[in-house]
Amino acid sequence: MNNKWLEKNTFHYSDFKDLNRLVEEKAKKNLKISLCLPTLNEEKTIAKEIIIMKSELMTRYPLLDEIVVVDSGSSDKTREIAREYGADVYQATDILPHLEQFKGKGENLWKALYITKGDIIVYLDADIKNIHHRFAYGLLGPLLLYDGIKFVKAFYDRPISIGKKRMRPTGGGRVTELVIRPLFSLFFPDLTQLIQPLSGEYAGFRDVFERIPFPIGYGVETSMNMDIYEKWGLDVMAQVDLDRRIHRNQDTKALGRMAFVILKTFINRKIRLGLIDLKDELYEEMIQYNLVRDHYEPDIFKIEGHERPPIIEIPEYCEKFKTDRQQLQKFQEA
Amino acid sequence: MKNILEQLPSLVDQIKSLREIIITNIVLIGQTPAPTFREKKRSKLFMERLAEFQVDEITTDGYRNPIGIIRGTDSSKPPIFVLAHMDTFYEKDRRPNYTIKENAITGAGILDNSLGVGVMTSLPAIFKELDIVFESDIVLAGTIQSIGKGNLRGVRHLLKTWPTPIRGAICIEGVELGRLNYYSDGMIRGEIGCSISEEGNRLREYTPNAIIILNEVINEIMNLKISQRPRSRIVIGRINGGANHGKLAPEANLGFEIRSDSYKVVKNLFSEIRDIVEGIGHRHEANINLKTISNLKASRLKHNHPLVKQAAEVLNTLGIKPVSKPTESALSIFLSRKIPAVTLGITYGENRYMENATMEIEPMYQGIAQVIGVLKAIDGGVCDEQ
């Protein structure tokens with residue numbers, strides 16, 4: 001196991017708080033940076049994310065070139081509010097509309113690759129209550145200042161109370177500790193060094209994201225970690241401590257469904273790599289039970305686990321990014 | 001001055017172009033909790049933000065009030081103060097979470113006074129962007145320990161120890177746009193505590209009830225003669241006590257405030273309440289005490305003071321109707337030190353002391369323009385003539 005990675009490639013956001021330096025580095029490397037916020041009914045938090053990022057990382061320090069919201073069909077005012085505060089807003093279904101339509105976070109992230117113009121893309125969840133611009137510049141720091149790093153993941157203090165006034169941070173969330181970390185320990189011990197492999201905030205170079213498949217739902221973070229690790233190795237990855245993230249709590253059943261998708265993504269990856277030989281197909285339904293009056297009723301969720309191919313395989317994408325990609329390639333060779 | 005007034009309406013749109021920076025400051029400040037006596041984190045953030053906006057000098061005074069100074073062009077002119085209190089009424093020990101909608105921001109403490117502090121924090125960026133300079137130094141003071149038991153200690157200390165004369169001051173409050181406070185009532189805020197010792201009452205036929213005793217106190221306060229001139233009043237604002245429905249209350253507390261144009265009347269009324277409390281304490285053999293939480297002397301600018309007149313004109317030019325009422329705030333500390341000052345509100349809002357306190361965004365730009373207008377008026381000399 002490459003156990004030096006944790007020490008070498010783990011940063012704190014404050015390592016990158018000299019924003020002038022990041023702006024200089026960005027200009028020197030002639031890079032464009034896009035911030036993408038995937039949304040579904042986020043009217044309570046979306047404006048705050050856009051305003052703070054725009055104020056601090058566009059108006060005051062020209063680090064971001066665009067803020068793009070890709071929405072899965074919100075029924076609240078998410079799109080209206082995002083537009084009001086100056087983000088470029090798209091409905092996922094309007095992007096590459098001739099393709100079969102899916103609904104999910106991974107779908108939005110994948111489609112964002114088509115409509116954004118950045119050489120680097122920062123993905124942030126849109127439900128962060130204590131949003132601060134460190135969430136973006138912390139992730140950009142290693143990408144701009146360390147040449148070998150191509151993909152950066154966030155991790156946080158997830159404080160839990162241990163007595164009246166004391167708090168202590170834990171590692172990942174419940175799904176991380178109960179599902180992902182045991183799986184990584186069994187199959188990819190190197191990846192256990194990711195403190196929070198399921199965190200929804202990450203950034204990377206376009207030429208990394210465009211070459212990996214994107215599961216359309218919850219499995220996107222798991223597959224991303226595994227695919228980048230398999231293709232380019234651990235050293236292109238880094239993680240940044242973004243301090244504290246206050247997030248929406250999910251109930252155990254919702255986490256159960258999340259774990260189902262993640263397990264399925266993981267097992268499919270292992271089959272593809274020839275590391276597991278399953279004698280039968282995996283089922284596509286997550287079955288949970290509710291006690292209704294005096295009997296149990298099943299709640300059945302059909303989770304098909306569709307996956308988008310690397311977007312570089314989509315002709316429209318190749319057409320659109322031909323020029324920009326060549327420029328980036330030249331820069332990287334230089 | 002005419003020139004400034006002419007420019008004010010166009011200033012509103014220019015300020016609006018800095019919307020993201022202003023709202024970001026309000027949200028970052030507001031989401032950093034600052035209950036009275038625990039303003040340290042917010043003070044630190046305030047100073048960090050001022051440093052980021054390249055304010056010339058950032059420091060704290062001996063009482064840890066955070067201060068930023070924007071240097072003026074004429075060092076012979078005394079400084080002008082802009083002040084917003086750092087502490088919020090919302091005292092629960094958790095992080096407020098603000099929500100921004102199309103034209104409103106909601107979150108605990110936003111109206112009193114995260115909005116005021118957020119706007120004050122944005123002033124250096126606004127001055128820079130709009131190319132606004134002053135002859136006087138502008139002192140941006142975030143005062144701590146203002147509310148309730150804080151008793152305006154921060155601002156009292158700041159002004160007591162400030163080494164130079166002060167040309168004039170603007171106190172910023174979140175709401176309501178249109179308020180133009182230039183006088184303050186005399187005020188004493190008090191608390192009456194009543195506790196029944198179980199031991200002392202074991203042999204008595206009837207054990208006293210702390211709530212009933214305070215009820216007697218209230219009844220007697222209600223019977224006090226309150227003068228119409230000088231205009232005076234007593235507000236019974238807070239009461240709590242008791243343990244559960246079926247148990248005689250062993251403890252109870254009553255919070256009240258006496259206000260009057262005349263501080264002498266306030267003191268007399270307080271003394272009468274003291275007599276009531278002592279009398280009832282003897283009668284019931286209860287442990288009952290009266291404490292002063294905070295006090296202010298009445299002070300005022302004349303209604304025809306040039307600062308008041310010019311401030312009213314600034315508001316009128318922006319289409320805001322000035323409303324003058326007494327206020328119990330930092331203003332009175334400036335006025336009692338003979339420093340001309342006014343308090344201005346920034347926007348409209350609702351649910352001021354609730355968790356879902358909400359401010360309107362759009363009128364805020366007018367509110368900020370009025371602050372700049374009044375600052376320009378002070379810089380132009382309206383406080384120098386008296």
# chains A, B, ... in the order shown; residues from 1 in each chain; ligands from 1
$ interface_residues --of "chain A" --to "chain B" --cutoff "6 Å" --atoms "only C-alpha atoms" --output "list of chain:residue names"
A:Lys44, A:Ala47, A:Lys48, A:Ile51, A:Ile52, A:Ser55, A:Ile81
$ select_by_dssp --residues "range 98-293 of chain A" --states "strand (DSSP E)" --output "NGL selection string"
:A and (120-123 or 151-157 or 159-161 or 167-169 or 202-205 or 214-215 or 237-244 or 285-292)
$ select_by_dssp --residues "range 52-197 of chain B" --states "helix (DSSP H, G or I)" --output "MDAnalysis selection string"
chainID B and resid 52 110:129 148:150 153:161
$ write_last_selection --atoms "N, CA and C atoms" --output "CSV table (one decimal), in the first residue's frame"
chain,number,residue,atom,x,y,z
B,52,GLU,N,-9.1,42.3,4.0
B,52,GLU,CA,-9.2,41.9,2.6
B,52,GLU,C,-9.6,43.1,1.7
B,110,ILE,N,-30.5,38.7,11.8
B,110,ILE,CA,-30.1,39.5,10.7
B,110,ILE,C,-30.5,41.0,10.8
B,111,LEU,N,-31.7,41.2,11.4
B,111,LEU,CA,-32.1,42.6,11.5
B,111,LEU,C,-31.4,43.4,12.6
B,112,ASP,N,-31.0,42.6,13.6
B,112,ASP,CA,-30.4,43.3,14.8
B,112,ASP,C,-29.2,42.5,15.3
B,113,ASN,N,-28.0,42.6,14.7
B,113,ASN,CA,-27.7,43.7,13.8
B,113,ASN,C,-26.7,43.2,12.7
B,114,SER,N,-26.8,41.9,12.3
B,114,SER,CA,-25.9,41.3,11.3
B,114,SER,C,-25.9,42.2,10.0
B,115,LEU,N,-27.1,42.6,9.7
B,115,LEU,CA,-27.2,43.4,8.5
B,115,LEU,C,-26.4,44.7,8.6
B,116,GLY,N,-26.5,45.4,9.8
B,116,GLY,CA,-25.8,46.6,10.0
B,116,GLY,C,-24.3,46.4,9.9
B,117,VAL,N,-23.8,45.3,10.5
B,117,VAL,CA,-22.4,45.0,10.5
B,117,VAL,C,-21.9,44.6,9.1
B,118,GLY,N,-22.8,43.8,8.4
B,118,GLY,CA,-22.4,43.4,7.1
B,118,GLY,C,-22.3,44.6,6.1
B,119,VAL,N,-23.2,45.6,6.3
B,119,VAL,CA,-23.2,46.8,5.4
B,119,VAL,C,-21.9,47.6,5.8
B,120,MET,N,-21.7,47.8,7.1
B,120,MET,CA,-20.5,48.5,7.5
B,120,MET,C,-19.2,47.9,6.9
B,121,THR,N,-19.2,46.5,7.0
B,121,THR,CA,-18.0,45.8,6.4
B,121,THR,C,-17.8,46.1,4.9
B,122,SER,N,-19.0,46.3,4.3
B,122,SER,CA,-18.9,46.5,2.8
B,122,SER,C,-18.5,47.9,2.4
B,123,LEU,N,-18.6,48.9,3.3
B,123,LEU,CA,-18.4,50.3,3.0
B,123,LEU,C,-17.0,50.5,2.3
B,124,PRO,N,-15.9,49.9,2.8
B,124,PRO,CA,-14.6,50.2,2.1
B,124,PRO,C,-14.7,49.8,0.7
B,125,ALA,N,-15.3,48.6,0.4
B,125,ALA,CA,-15.4,48.2,-1.0
B,125,ALA,C,-16.2,49.1,-1.8
B,126,ILE,N,-17.3,49.6,-1.2
B,126,ILE,CA,-18.2,50.5,-1.9
B,126,ILE,C,-17.5,51.9,-2.2
B,127,PHE,N,-16.8,52.4,-1.2
B,127,PHE,CA,-16.1,53.7,-1.4
B,127,PHE,C,-15.1,53.5,-2.5
B,128,LYS,N,-14.4,52.4,-2.5
B,128,LYS,CA,-13.3,52.2,-3.5
B,128,LYS,C,-13.9,52.1,-4.9
B,129,GLU,N,-14.9,51.3,-5.0
B,129,GLU,CA,-15.5,51.0,-6.3
B,129,GLU,C,-16.2,52.3,-6.9
B,148,GLY,N,-28.8,44.4,26.0
B,148,GLY,CA,-29.2,43.9,27.3
B,148,GLY,C,-28.2,44.1,28.4
B,149,LYS,N,-27.7,43.0,29.0
B,149,LYS,CA,-26.8,43.2,30.1
B,149,LYS,C,-25.4,43.8,29.6
B,150,GLY,N,-25.2,43.8,28.3
B,150,GLY,CA,-24.0,44.4,27.8
B,150,GLY,C,-24.0,45.9,28.1
B,153,ARG,N,-21.6,48.7,26.9
B,153,ARG,CA,-20.2,48.9,27.5
B,153,ARG,C,-19.2,49.1,26.4
B,154,GLY,N,-19.3,48.4,25.3
B,154,GLY,CA,-18.3,48.6,24.2
B,154,GLY,C,-18.2,50.0,23.8
B,155,VAL,N,-19.3,50.6,23.4
B,155,VAL,CA,-19.3,52.0,22.9
B,155,VAL,C,-18.9,53.0,24.0
B,156,ARG,N,-19.4,52.7,25.2
B,156,ARG,CA,-19.0,53.6,26.3
B,156,ARG,C,-17.5,53.7,26.4
B,157,HIS,N,-16.8,52.5,26.4
B,157,HIS,CA,-15.4,52.4,26.5
B,157,HIS,C,-14.7,53.1,25.4
B,158,LEU,N,-15.2,52.7,24.2
B,158,LEU,CA,-14.6,53.3,22.9
B,158,LEU,C,-14.5,54.8,23.0
B,159,LEU,N,-15.6,55.4,23.3
B,159,LEU,CA,-15.7,56.9,23.3
B,159,LEU,C,-14.9,57.5,24.4
B,160,LYS,N,-15.0,56.8,25.6
B,160,LYS,CA,-14.3,57.3,26.7
B,160,LYS,C,-12.8,57.4,26.5
B,161,THR,N,-12.3,56.4,25.8
B,161,THR,CA,-10.8,56.3,25.6
B,161,THR,C,-10.3,56.8,24.2
$ residues_around --residues "Gly255 in chain B" --least-positions-apart "2" --cutoff "6 Å" --atoms "only C-alpha atoms" --output "PyMOL selection string"
chain B and resi 190-191+237-238
$ atom_distance --atom1 "CA of Val152 in chain A" --atom2 "CA of Ala203 in chain A"
5.3 Å
$ residues_around --residues "Asp18 in chain A" --least-positions-apart "2" --cutoff "12 Å" --atoms "only C-alpha atoms" --output "ChimeraX atom specification"
/A:13-16,20-25,61,63,134,137-138,140-141,145 /B:52
$ write_last_selection --atoms "N, CA and C atoms" --output "mmCIF file, in the first residue's frame"
data_model
loop_
_atom_site.group_PDB
_atom_site.id
_atom_site.type_symbol
_atom_site.label_atom_id
_atom_site.label_comp_id
_atom_site.auth_asym_id
_atom_site.auth_seq_id
_atom_site.Cartn_x
_atom_site.Cartn_y
_atom_site.Cartn_z
ATOM 1 N N TYR A 13 -7.322 23.693 3.498
ATOM 2 C CA TYR A 13 -7.693 24.800 2.597
ATOM 3 C C TYR A 13 -6.864 26.057 2.850
ATOM 4 N N SER A 14 -6.442 26.224 4.116
ATOM 5 C CA SER A 14 -5.695 27.450 4.434
ATOM 6 C C SER A 14 -4.327 27.477 3.741
ATOM 7 N N ASP A 15 -3.865 26.317 3.252
ATOM 8 C CA ASP A 15 -2.614 26.304 2.468
ATOM 9 C C ASP A 15 -2.773 27.130 1.191
ATOM 10 N N PHE A 16 -4.022 27.384 0.803
ATOM 11 C CA PHE A 16 -4.250 28.034 -0.492
ATOM 12 C C PHE A 16 -5.003 29.349 -0.356
ATOM 13 N N ASN A 20 -4.420 35.607 -4.539
ATOM 14 C CA ASN A 20 -3.674 36.259 -5.629
ATOM 15 C C ASN A 20 -2.733 35.273 -6.301
ATOM 16 N N ARG A 21 -2.143 34.414 -5.499
ATOM 17 C CA ARG A 21 -1.210 33.426 -6.056
ATOM 18 C C ARG A 21 -1.947 32.441 -6.974
ATOM 19 N N LEU A 22 -3.125 32.034 -6.539
ATOM 20 C CA LEU A 22 -3.904 31.107 -7.366
ATOM 21 C C LEU A 22 -4.303 31.776 -8.680
ATOM 22 N N VAL A 23 -4.702 33.055 -8.581
ATOM 23 C CA VAL A 23 -5.100 33.781 -9.794
ATOM 24 C C VAL A 23 -3.906 33.907 -10.739
ATOM 25 N N GLU A 24 -2.750 34.225 -10.178
ATOM 26 C CA GLU A 24 -1.532 34.347 -11.003
ATOM 27 C C GLU A 24 -1.221 33.031 -11.712
ATOM 28 N N GLU A 25 -1.303 31.956 -10.947
ATOM 29 C CA GLU A 25 -0.975 30.632 -11.498
ATOM 30 C C GLU A 25 -1.954 30.251 -12.604
ATOM 31 N N TYR A 61 -11.654 38.217 -6.876
ATOM 32 C CA TYR A 61 -10.489 37.488 -7.400
ATOM 33 C C TYR A 61 -10.950 36.686 -8.617
ATOM 34 N N LEU A 63 -10.951 34.032 -10.267
ATOM 35 C CA LEU A 63 -10.506 32.640 -10.272
ATOM 36 C C LEU A 63 -11.482 31.770 -11.060
ATOM 37 N N ARG A 134 -13.959 29.049 0.482
ATOM 38 C CA ARG A 134 -12.874 28.077 0.647
ATOM 39 C C ARG A 134 -13.231 26.731 0.009
ATOM 40 N N TYR A 137 -11.879 27.425 -3.578
ATOM 41 C CA TYR A 137 -10.441 27.677 -3.747
ATOM 42 C C TYR A 137 -9.603 26.592 -3.082
ATOM 43 N N GLY A 138 -10.140 25.976 -2.028
ATOM 44 C CA GLY A 138 -9.422 24.868 -1.384
ATOM 45 C C GLY A 138 -9.203 23.720 -2.349
ATOM 46 N N LEU A 140 -9.230 24.041 -5.636
ATOM 47 C CA LEU A 140 -8.437 24.486 -6.796
ATOM 48 C C LEU A 140 -6.949 24.577 -6.470
ATOM 49 N N GLY A 141 -6.646 24.840 -5.214
ATOM 50 C CA GLY A 141 -5.248 25.045 -4.829
ATOM 51 C C GLY A 141 -4.303 23.968 -5.342
ATOM 52 N N LEU A 145 -1.364 24.569 -8.138
ATOM 53 C CA LEU A 145 0.004 24.729 -7.630
ATOM 54 C C LEU A 145 0.855 23.459 -7.721
ATOM 55 N N GLU B 52 -9.092 42.296 4.030
ATOM 56 C CA GLU B 52 -9.204 41.885 2.629
ATOM 57 C C GLU B 52 -9.600 43.050 1.734
#
$ residues_around --residues "Leu318 in chain B" --least-positions-apart "4" --cutoff "8 Å" --atoms "only C-alpha atoms" --output "list in words"
Leu8, Pro9, Val314, Gln366 and Gln370 of chain B
$ write_last_selection --atoms "C-alpha atoms" --output "compact mmCIF listing (two decimals), in the first residue's frame"
# COMPACT_ATOMS: atom_id res chain seq x y z
CA LEU B 8 -27.57 60.31 -4.50
CA PRO B 9 -30.22 58.71 -6.74
CA VAL B 314 -30.71 63.09 2.21
CA GLN B 366 -31.16 53.14 -0.81
CA GLN B 370 -28.35 57.46 2.64
$ residues_around --residues "range 221-236 of chain A" --least-positions-apart "5" --cutoff "6 Å" --atoms "only C-alpha atoms" --output "PDB file with C-alpha atoms, in the first residue's frame"
ATOM      1  CA  GLY A 148       1.059  16.218 -11.044  1.00  0.00           C
ATOM      2  CA  ILE A 149      -2.329  16.567  -9.360  1.00  0.00           C
ATOM      3  CA  LYS A 150      -5.357  16.205 -11.606  1.00  0.00           C
ATOM      4  CA  LEU A 198     -18.198  10.034  -0.843  1.00  0.00           C
TER       5      LEU A 198
END
$ closest_residue --among "B:Ile378, B:Val12, B:Ile333, B:Ile144" --to "Arg64 in chain B" --atoms "only C-alpha atoms"
B:Ile144
$ residues_around --residues "Asp137 in chain B" --least-positions-apart "5" --cutoff "12 Å" --atoms "only C-alpha atoms" --output "ChimeraX atom specification"
/B:55-57,68-82,164-169,375-376,378-379
$ write_last_selection --atoms "N, CA and C atoms" --output "PDB file, in the first residue's frame"
ATOM      1  N   VAL B  55      -8.434  48.036   4.063  1.00  0.00           N
ATOM      2  CA  VAL B  55      -8.656  49.194   4.941  1.00  0.00           C
ATOM      3  C   VAL B  55      -7.310  49.590   5.558  1.00  0.00           C
ATOM      4  N   ASP B  56      -7.083  50.915   5.669  1.00  0.00           N
ATOM      5  CA  ASP B  56      -5.735  51.387   6.007  1.00  0.00           C
ATOM      6  C   ASP B  56      -5.226  50.888   7.356  1.00  0.00           C
ATOM      7  N   GLU B  57      -6.097  50.904   8.333  1.00  0.00           N
ATOM      8  CA  GLU B  57      -5.640  50.509   9.670  1.00  0.00           C
ATOM      9  C   GLU B  57      -6.725  49.666  10.337  1.00  0.00           C
ATOM     10  N   GLY B  68     -11.824  49.631  12.172  1.00  0.00           N
ATOM     11  CA  GLY B  68     -11.078  49.842  10.929  1.00  0.00           C
ATOM     12  C   GLY B  68     -11.055  51.326  10.628  1.00  0.00           C
ATOM     13  N   ILE B  69      -9.923  51.830  10.158  1.00  0.00           N
ATOM     14  CA  ILE B  69      -9.840  53.266   9.856  1.00  0.00           C
ATOM     15  C   ILE B  69      -9.483  53.462   8.387  1.00  0.00           C
ATOM     16  N   ILE B  70     -10.360  54.181   7.684  1.00  0.00           N
ATOM     17  CA  ILE B  70     -10.068  54.547   6.292  1.00  0.00           C
ATOM     18  C   ILE B  70      -9.520  55.966   6.339  1.00  0.00           C
ATOM     19  N   ARG B  71      -8.283  56.104   5.958  1.00  0.00           N
ATOM     20  CA  ARG B  71      -7.635  57.417   6.081  1.00  0.00           C
ATOM     21  C   ARG B  71      -8.261  58.443   5.139  1.00  0.00           C
ATOM     22  N   GLY B  72      -8.481  59.659   5.661  1.00  0.00           N
ATOM     23  CA  GLY B  72      -9.029  60.743   4.852  1.00  0.00           C
ATOM     24  C   GLY B  72      -7.919  61.553   4.193  1.00  0.00           C
ATOM     25  N   THR B  73      -8.322  62.572   3.455  1.00  0.00           N
ATOM     26  CA  THR B  73      -7.335  63.361   2.713  1.00  0.00           C
ATOM     27  C   THR B  73      -6.800  64.542   3.524  1.00  0.00           C
ATOM     28  N   ASP B  74      -7.484  64.870   4.624  1.00  0.00           N
ATOM     29  CA  ASP B  74      -7.053  66.028   5.408  1.00  0.00           C
ATOM     30  C   ASP B  74      -6.846  65.607   6.870  1.00  0.00           C
ATOM     31  N   SER B  75      -5.586  65.449   7.248  1.00  0.00           N
ATOM     32  CA  SER B  75      -5.310  64.913   8.584  1.00  0.00           C
ATOM     33  C   SER B  75      -5.668  65.900   9.699  1.00  0.00           C
ATOM     34  N   SER B  76      -5.973  67.159   9.325  1.00  0.00           N
ATOM     35  CA  SER B  76      -6.343  68.118  10.376  1.00  0.00           C
ATOM     36  C   SER B  76      -7.805  67.959  10.807  1.00  0.00           C
ATOM     37  N   LYS B  77      -8.580  67.256  10.022  1.00  0.00           N
ATOM     38  CA  LYS B  77     -10.011  67.096  10.356  1.00  0.00           C
ATOM     39  C   LYS B  77     -10.197  65.938  11.340  1.00  0.00           C
ATOM     40  N   PRO B  78     -11.039  66.115  12.345  1.00  0.00           N
ATOM     41  CA  PRO B  78     -11.312  65.000  13.269  1.00  0.00           C
ATOM     42  C   PRO B  78     -12.032  63.858  12.532  1.00  0.00           C
ATOM     43  N   PRO B  79     -11.961  62.654  13.047  1.00  0.00           N
ATOM     44  CA  PRO B  79     -12.576  61.519  12.352  1.00  0.00           C
ATOM     45  C   PRO B  79     -14.101  61.498  12.464  1.00  0.00           C
ATOM     46  N   ILE B  80     -14.699  60.790  11.519  1.00  0.00           N
ATOM     47  CA  ILE B  80     -16.150  60.546  11.565  1.00  0.00           C
ATOM     48  C   ILE B  80     -16.343  59.062  11.878  1.00  0.00           C
ATOM     49  N   PHE B  81     -17.246  58.777  12.791  1.00  0.00           N
ATOM     50  CA  PHE B  81     -17.491  57.382  13.181  1.00  0.00           C
ATOM     51  C   PHE B  81     -18.698  56.790  12.452  1.00  0.00           C
ATOM     52  N   VAL B  82     -18.519  55.555  11.994  1.00  0.00           N
ATOM     53  CA  VAL B  82     -19.668  54.746  11.583  1.00  0.00           C
ATOM     54  C   VAL B  82     -19.662  53.565  12.536  1.00  0.00           C
ATOM     55  N   THR B 164      -8.926  61.531  20.304  1.00  0.00           N
ATOM     56  CA  THR B 164      -9.083  62.814  19.597  1.00  0.00           C
ATOM     57  C   THR B 164     -10.545  63.248  19.638  1.00  0.00           C
ATOM     58  N   PRO B 165     -10.805  64.530  19.291  1.00  0.00           N
ATOM     59  CA  PRO B 165     -12.213  64.923  19.123  1.00  0.00           C
ATOM     60  C   PRO B 165     -12.838  64.112  17.982  1.00  0.00           C
ATOM     61  N   ILE B 166     -14.157  63.973  18.009  1.00  0.00           N
ATOM     62  CA  ILE B 166     -14.866  63.230  16.954  1.00  0.00           C
ATOM     63  C   ILE B 166     -15.819  64.199  16.272  1.00  0.00           C
ATOM     64  N   ARG B 167     -15.775  64.178  14.942  1.00  0.00           N
ATOM     65  CA  ARG B 167     -16.517  65.187  14.182  1.00  0.00           C
ATOM     66  C   ARG B 167     -18.029  64.906  14.184  1.00  0.00           C
ATOM     67  N   GLY B 168     -18.382  63.671  14.075  1.00  0.00           N
ATOM     68  CA  GLY B 168     -19.791  63.281  14.048  1.00  0.00           C
ATOM     69  C   GLY B 168     -19.865  61.775  13.879  1.00  0.00           C
ATOM     70  N   ALA B 169     -21.089  61.242  13.966  1.00  0.00           N
ATOM     71  CA  ALA B 169     -21.187  59.780  13.898  1.00  0.00           C
ATOM     72  C   ALA B 169     -22.517  59.337  13.308  1.00  0.00           C
ATOM     73  N   LEU B 375     -22.775  60.714   5.569  1.00  0.00           N
ATOM     74  CA  LEU B 375     -21.320  60.800   5.821  1.00  0.00           C
ATOM     75  C   LEU B 375     -20.722  61.988   5.073  1.00  0.00           C
ATOM     76  N   LYS B 376     -21.149  62.148   3.828  1.00  0.00           N
ATOM     77  CA  LYS B 376     -20.656  63.274   3.020  1.00  0.00           C
ATOM     78  C   LYS B 376     -21.066  64.609   3.655  1.00  0.00           C
ATOM     79  N   ILE B 378     -21.560  65.175   6.843  1.00  0.00           N
ATOM     80  CA  ILE B 378     -20.709  65.424   8.027  1.00  0.00           C
ATOM     81  C   ILE B 378     -19.318  65.854   7.555  1.00  0.00           C
ATOM     82  N   ASP B 379     -18.838  65.178   6.525  1.00  0.00           N
ATOM     83  CA  ASP B 379     -17.514  65.517   5.989  1.00  0.00           C
ATOM     84  C   ASP B 379     -17.510  66.939   5.405  1.00  0.00           C
TER      85      ASP B 379
END
$ closest_residue --among "B:Lys321, B:Lys338, B:Arg352, B:Lys267" --to "Lys302 in chain B" --atoms "only C-alpha atoms"
B:Lys338
$ closest_residue --among "A:Val89, A:Ile303, A:Leu124, A:Ile287" --to "Gly200 in chain A" --atoms "only C-alpha atoms"
A:Leu124
$ atom_distance --atom1 "CA of Leu335 in chain B" --atom2 "CA of Ser299 in chain B"
5.8 Å
